[in-house]
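Raw start-v3.cif, mmCIF, C-alpha atoms:
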```cif
data_data
#
loop_
_atom_site.label_atom_id
_atom_site.label_comp_id
_atom_site.auth_asym_id
_atom_site.auth_seq_id
_atom_site.Cartn_x
_atom_site.Cartn_y
_atom_site.Cartn_z
CA MET A 1 0.02 1.06 18.56
CA TRP A 2 -0.30 2.13 22.17
CA LEU A 3 -2.29 -0.98 23.09
CA ILE A 4 0.05 -3.34 21.23
CA GLY A 5 2.97 -1.68 23.02
CA LYS A 6 1.27 -2.20 26.38
CA ILE A 7 0.61 -5.87 25.63
CA ASP A 8 4.30 -6.23 24.74
CA ARG A 9 4.20 -9.81 23.50
CA PRO A 10 6.27 -11.08 20.56
CA ASN A 11 3.29 -12.94 19.10
CA VAL A 12 0.98 -9.89 19.03
CA GLY A 13 1.13 -7.44 16.14
CA VAL A 14 -1.01 -5.43 13.76
CA LEU A 15 -2.96 -6.43 10.68
CA LEU A 16 -3.21 -3.35 8.49
CA ASP A 17 -6.35 -3.49 6.37
CA VAL A 18 -5.68 -1.21 3.41
CA GLY A 19 -9.41 -0.66 2.80
CA HIS A 20 -10.07 0.31 6.43
CA SER A 21 -7.16 2.73 6.34
CA LEU A 22 -8.45 4.35 3.13
CA TYR A 23 -11.99 4.48 4.52
CA ALA A 24 -10.69 6.17 7.68
CA GLY A 25 -8.98 8.84 5.56
CA GLU A 26 -5.51 7.72 6.61
CA ASN A 27 -2.42 7.79 4.47
CA VAL A 28 -2.02 4.01 4.31
CA ALA A 29 1.68 4.25 3.42
CA MET A 30 2.30 6.41 6.49
CA SER A 31 0.39 3.98 8.69
CA ALA A 32 2.46 1.08 7.36
CA ALA A 33 5.74 2.95 7.81
CA LEU A 34 4.89 3.91 11.39
CA LEU A 35 3.89 0.34 12.24
CA GLN A 36 7.08 -0.95 10.61
CA ARG A 37 9.19 1.55 12.58
CA GLU A 38 7.73 0.16 15.79
CA GLY A 39 8.12 -3.46 14.65
CA MET A 40 4.37 -4.06 14.82
CA LEU A 41 3.29 -4.66 11.22
CA ASP A 42 2.67 -8.38 10.80
CA LEU A 43 0.06 -8.67 8.05
CA LEU A 44 -1.47 -6.59 5.25
CA HIS A 45 -4.97 -7.04 3.86
CA PHE A 46 -4.82 -5.65 0.33
CA ASN A 47 -7.98 -4.27 -1.24
CA ASP A 48 -9.29 -0.97 -2.57
CA ASN A 49 -12.19 1.46 -2.21
CA TYR A 50 -13.31 5.00 -2.96
CA GLY A 51 -12.92 6.09 0.67
CA GLU A 52 -16.58 6.43 1.63
CA TRP A 53 -17.07 2.74 2.48
CA ASP A 54 -14.92 -0.40 2.69
CA TRP A 55 -16.03 -2.00 -0.57
CA ASP A 56 -13.23 -4.60 -0.61
CA MET A 57 -12.48 -4.02 -4.29
CA ILE A 58 -9.62 -5.49 -6.30
CA PRO A 59 -6.37 -3.71 -5.30
CA ALA A 60 -5.17 -0.85 -7.53
CA THR A 61 -8.46 -0.47 -9.37
CA ILE A 62 -9.26 2.88 -7.69
CA ARG A 63 -6.39 4.10 -5.47
CA PHE A 64 -3.46 3.28 -7.75
CA TRP A 65 -1.17 6.10 -6.54
CA GLU A 66 -1.82 5.40 -2.86
CA LEU A 67 -0.95 1.74 -3.38
CA ILE A 68 2.26 2.64 -5.22
CA GLU A 69 3.19 4.80 -2.24
CA LEU A 70 2.32 1.95 0.15
CA VAL A 71 4.45 -0.59 -1.70
CA PHE A 72 7.30 1.95 -1.99
CA TRP A 73 7.37 2.39 1.80
CA LEU A 74 6.94 -1.32 2.46
CA ASN A 75 10.11 -1.85 0.41
CA GLU A 76 11.93 1.06 2.06
CA THR A 77 11.12 -0.19 5.57
CA GLY A 78 12.00 -3.80 4.79
CA TYR A 79 8.54 -5.28 5.32
CA SER A 80 8.73 -9.05 5.05
CA GLY A 81 5.41 -10.02 6.59
CA TRP A 82 2.42 -11.58 4.94
CA ASN A 83 0.27 -9.98 2.27
CA SER A 84 -3.31 -11.17 2.01
CA ILE A 85 -6.28 -10.29 -0.14
CA ASP A 86 -9.52 -9.04 1.38
CA ILE A 87 -11.93 -8.60 -1.51
CA SER A 88 -15.58 -9.10 -2.28
CA ALA A 89 -16.55 -9.77 -5.88
CA PRO A 90 -20.30 -10.47 -5.85
CA ARG A 91 -20.72 -9.93 -9.61
CA SER A 92 -17.50 -11.64 -10.68
CA ASP A 93 -15.99 -15.08 -10.73
CA ALA A 94 -14.30 -15.31 -7.31
CA ALA A 95 -11.24 -17.21 -8.54
CA GLN A 96 -10.67 -14.70 -11.35
CA ALA A 97 -11.06 -11.77 -8.94
CA VAL A 98 -8.50 -13.27 -6.57
CA GLN A 99 -6.08 -13.93 -9.44
CA HIS A 100 -6.58 -10.35 -10.69
CA SER A 101 -5.80 -9.12 -7.16
CA VAL A 102 -2.63 -11.21 -6.92
CA THR A 103 -1.51 -10.02 -10.36
CA ASN A 104 -2.12 -6.36 -9.46
CA ILE A 105 -0.17 -6.66 -6.21
CA GLN A 106 2.73 -8.38 -7.99
CA ARG A 107 2.70 -5.66 -10.65
CA LEU A 108 2.78 -2.93 -8.00
CA TYR A 109 5.87 -4.50 -6.44
CA ARG A 110 7.56 -4.87 -9.84
CA LEU A 111 6.68 -1.30 -10.76
CA VAL A 112 8.04 0.09 -7.50
CA ASP A 113 11.24 -1.93 -7.99
CA ARG A 114 11.81 -0.01 -11.26
CA LEU A 115 11.63 3.41 -9.58
CA ASP A 116 14.77 5.32 -8.62
CA HIS A 117 14.32 5.14 -4.86
CA ASP A 118 17.38 7.27 -4.08
CA LEU A 119 16.16 10.05 -6.36
CA LEU A 120 12.64 9.98 -4.90
CA LEU A 121 13.88 9.96 -1.31
CA ALA A 122 16.38 12.76 -1.91
CA ASN A 123 13.69 14.89 -3.51
CA LEU A 124 11.47 14.62 -0.42
CA ASP A 125 14.00 16.57 1.63
CA HIS A 126 14.01 19.78 -0.37
CA SER A 127 11.09 20.02 -2.72
CA GLU A 128 7.48 21.07 -2.78
CA PRO A 129 4.54 18.66 -3.27
CA GLY A 130 3.95 19.53 -6.92
CA ALA A 131 7.57 18.83 -7.82
CA ASN A 132 7.47 15.58 -5.84
CA MET A 133 4.35 14.43 -7.68
CA LYS A 134 5.86 15.34 -11.04
CA LEU A 135 9.02 13.39 -10.23
CA LEU A 136 6.98 10.38 -9.10
CA SER A 137 4.73 10.58 -12.17
CA ASP A 138 7.76 10.80 -14.45
CA GLN A 139 9.32 7.79 -12.72
CA VAL A 140 6.14 5.69 -12.87
CA PHE A 141 5.35 6.44 -16.50
CA LYS A 142 8.98 5.85 -17.47
CA ALA A 143 8.85 2.46 -15.70
CA LEU A 144 5.64 1.69 -17.58
CA GLY A 145 7.28 2.66 -20.86
CA VAL A 146 4.97 5.56 -21.64
#
```
Show how you would write the structure in this file as structure tokens.
Amino acid sequence: MWLIGKIDRPNVGVLLDVGHSLYAGENVAMSAALLQREGMLDLLHFNDNYGEWDWDMIPATIRFWELIELVFWLNETGYSGWNSIDISAPRSDAAQAVQHSVTNIQRLYRLVDRLDHDLLLANLDHSEPGANMKLLSDQVFKALGV
């Protein structure tokens, strides 16, 4: 962010690669929110991995909760930039893997839209992590109908 701020050009921003962020041990939602706050987030590369390498897997196949958090904060911060898919599917049909990725991303956005954002945000101010996770879990499973 420091370098982008120094460049200070309207046509220069940040591409946030979800897989790189996960591999670096970052909280990808926090990274996105900080970039959004500074007006620097221009593009997201959606993918997934276990965190020990950037495997470019189909989004939400491994880090489901982290991607829910990411989409939640993208909505909360008003992100309207581009979403892209950065996957590698060497043992799968490429077109099917891309379609699966698109479907998963769309489902994440629809799922997050069903959550009670006001309740979740209010709970962050005065609760402990276990209670926050329970509230989020309850909200997600309710939205999923289970």
- Task: Go through A:Leu70, A:Ile87, A:Ile62, A:Met57 and flag the residue nearest Glu26 in chain A, using all atoms listed in the file for the distances.
- Result: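 Among the listed residues, the smallest separation from Glu26 in chain A belongs to A:Leu70.
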- Picked residues, the PyMOL selection byres ((chain A and resi 75) around 12), as a ChimeraX atom specification: /A:29,32-33,36,68-74,76-81,108-115,117
- Task: Calculate how many Å separate CA of Ser88 in chain A from CA of Leu16 in chain A, rounding to one decimal.
- Result: 17.4 Å
- Note on the structure: re CA of Ala122 in chain A and CA of Asp48 in chain A: distance 29.1 Å
- Task: Tell me, in Å to one decimal, how far CA of Ile85 in chain A is from CA of Gly13 in chain A.
- Result: 18.1 Å
- Task: Name the residues that the PyMOL selection byres ((chain A and resi 140-142) around 10) pulls out of this structure, and write them as number ranges by chain.
- Result: A: 65, 68, 111-112, 114-116, 134-139, 143-146
Just to be explicit: take each residue in the selection above, keep C-alpha atoms, and write the result as a PDB file, in the frame of the given file.
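File written: result_14.pdb
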```pdb
ATOM      1  CA  TRP A  65      -1.170   6.100  -6.540  1.00  0.00           C
ATOM      2  CA  ILE A  68       2.260   2.640  -5.220  1.00  0.00           C
ATOM      3  CA  LEU A 111       6.680  -1.300 -10.760  1.00  0.00           C
ATOM      4  CA  VAL A 112       8.040   0.090  -7.500  1.00  0.00           C
ATOM      5  CA  ARG A 114      11.810  -0.010 -11.260  1.00  0.00           C
ATOM      6  CA  LEU A 115      11.630   3.410  -9.580  1.00  0.00           C
ATOM      7  CA  ASP A 116      14.770   5.320  -8.620  1.00  0.00           C
ATOM      8  CA  LYS A 134       5.860  15.340 -11.040  1.00  0.00           C
ATOM      9  CA  LEU A 135       9.020  13.390 -10.230  1.00  0.00           C
ATOM     10  CA  LEU A 136       6.980  10.380  -9.100  1.00  0.00           C
ATOM     11  CA  SER A 137       4.730  10.580 -12.170  1.00  0.00           C
ATOM     12  CA  ASP A 138       7.760  10.800 -14.450  1.00  0.00           C
ATOM     13  CA  GLN A 139       9.320   7.790 -12.720  1.00  0.00           C
ATOM     14  CA  ALA A 143       8.850   2.460 -15.700  1.00  0.00           C
ATOM     15  CA  LEU A 144       5.640   1.690 -17.580  1.00  0.00           C
ATOM     16  CA  GLY A 145       7.280   2.660 -20.860  1.00  0.00           C
ATOM     17  CA  VAL A 146       4.970   5.560 -21.640  1.00  0.00           C
TER      18      VAL A 146
END
```
- With only C-alpha atoms as the basis for distance, which of A:Ala24, A:Leu3, A:Met30, A:Leu67 is at the shortest distance from Gly51 in chain A? A:Ala24
Step by step, gather every atom of range 10-15 of chain A that the file lists, find the box along x, y and z that holds them, add 5 Å on each side, and finally give centre and edge lengths in Å to one decimal, as JSON.
```
{"center_x": 1.7, "center_y": -9.2, "center_z": 15.6, "size_x": 19.2, "size_y": 17.5, "size_z": 19.9}
```
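When only C-alpha atoms are used to measure the gap to Asn104 in chain A, the shortest distance among A:Arg91, A:Pro59, A:Ala131, A:Glu66 belongs to A:Pro59.
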- Task: To verify the selection step, state as an NGL selection string which residues the PyMOL selection byres ((chain A and resi 14) around 8) yields on this input.
- Result: :A and (4 or 12-13 or 15-16 or 35 or 40-43)
- Task: Using all atoms listed in the file, find all polymer residues with an atom at most 12 Å away from the point (0.1, -12.7, -5.3); report them as a PyMOL selection string.
- Result: chain A and resi 45-46+59+82-85+97-110
Could you write those residues out with C-alpha atoms, as a PDB file, in the frame of the given file?
```pdb
ATOM      1  CA  HIS A  45      -4.970  -7.040   3.860  1.00  0.00           C
ATOM      2  CA  PHE A  46      -4.820  -5.650   0.330  1.00  0.00           C
ATOM      3  CA  PRO A  59      -6.370  -3.710  -5.300  1.00  0.00           C
ATOM      4  CA  TRP A  82       2.420 -11.580   4.940  1.00  0.00           C
ATOM      5  CA  ASN A  83       0.270  -9.980   2.270  1.00  0.00           C
ATOM      6  CA  SER A  84      -3.310 -11.170   2.010  1.00  0.00           C
ATOM      7  CA  ILE A  85      -6.280 -10.290  -0.140  1.00  0.00           C
ATOM      8  CA  ALA A  97     -11.060 -11.770  -8.940  1.00  0.00           C
ATOM      9  CA  VAL A  98      -8.500 -13.270  -6.570  1.00  0.00           C
ATOM     10  CA  GLN A  99      -6.080 -13.930  -9.440  1.00  0.00           C
ATOM     11  CA  HIS A 100      -6.580 -10.350 -10.690  1.00  0.00           C
ATOM     12  CA  SER A 101      -5.800  -9.120  -7.160  1.00  0.00           C
ATOM     13  CA  VAL A 102      -2.630 -11.210  -6.920  1.00  0.00           C
ATOM     14  CA  THR A 103      -1.510 -10.020 -10.360  1.00  0.00           C
ATOM     15  CA  ASN A 104      -2.120  -6.360  -9.460  1.00  0.00           C
ATOM     16  CA  ILE A 105      -0.170  -6.660  -6.210  1.00  0.00           C
ATOM     17  CA  GLN A 106       2.730  -8.380  -7.990  1.00  0.00           C
ATOM     18  CA  ARG A 107       2.700  -5.660 -10.650  1.00  0.00           C
ATOM     19  CA  LEU A 108       2.780  -2.930  -8.000  1.00  0.00           C
ATOM     20  CA  TYR A 109       5.870  -4.500  -6.440  1.00  0.00           C
ATOM     21  CA  ARG A 110       7.560  -4.870  -9.840  1.00  0.00           C
TER      22      ARG A 110
END
```
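Considering the residues A:Gly19, A:Asn27, A:Ser127, A:Ile58 and counting only C-alpha atoms, Ser92 in chain A has its shortest atom-to-atom contact with A:Ile58.
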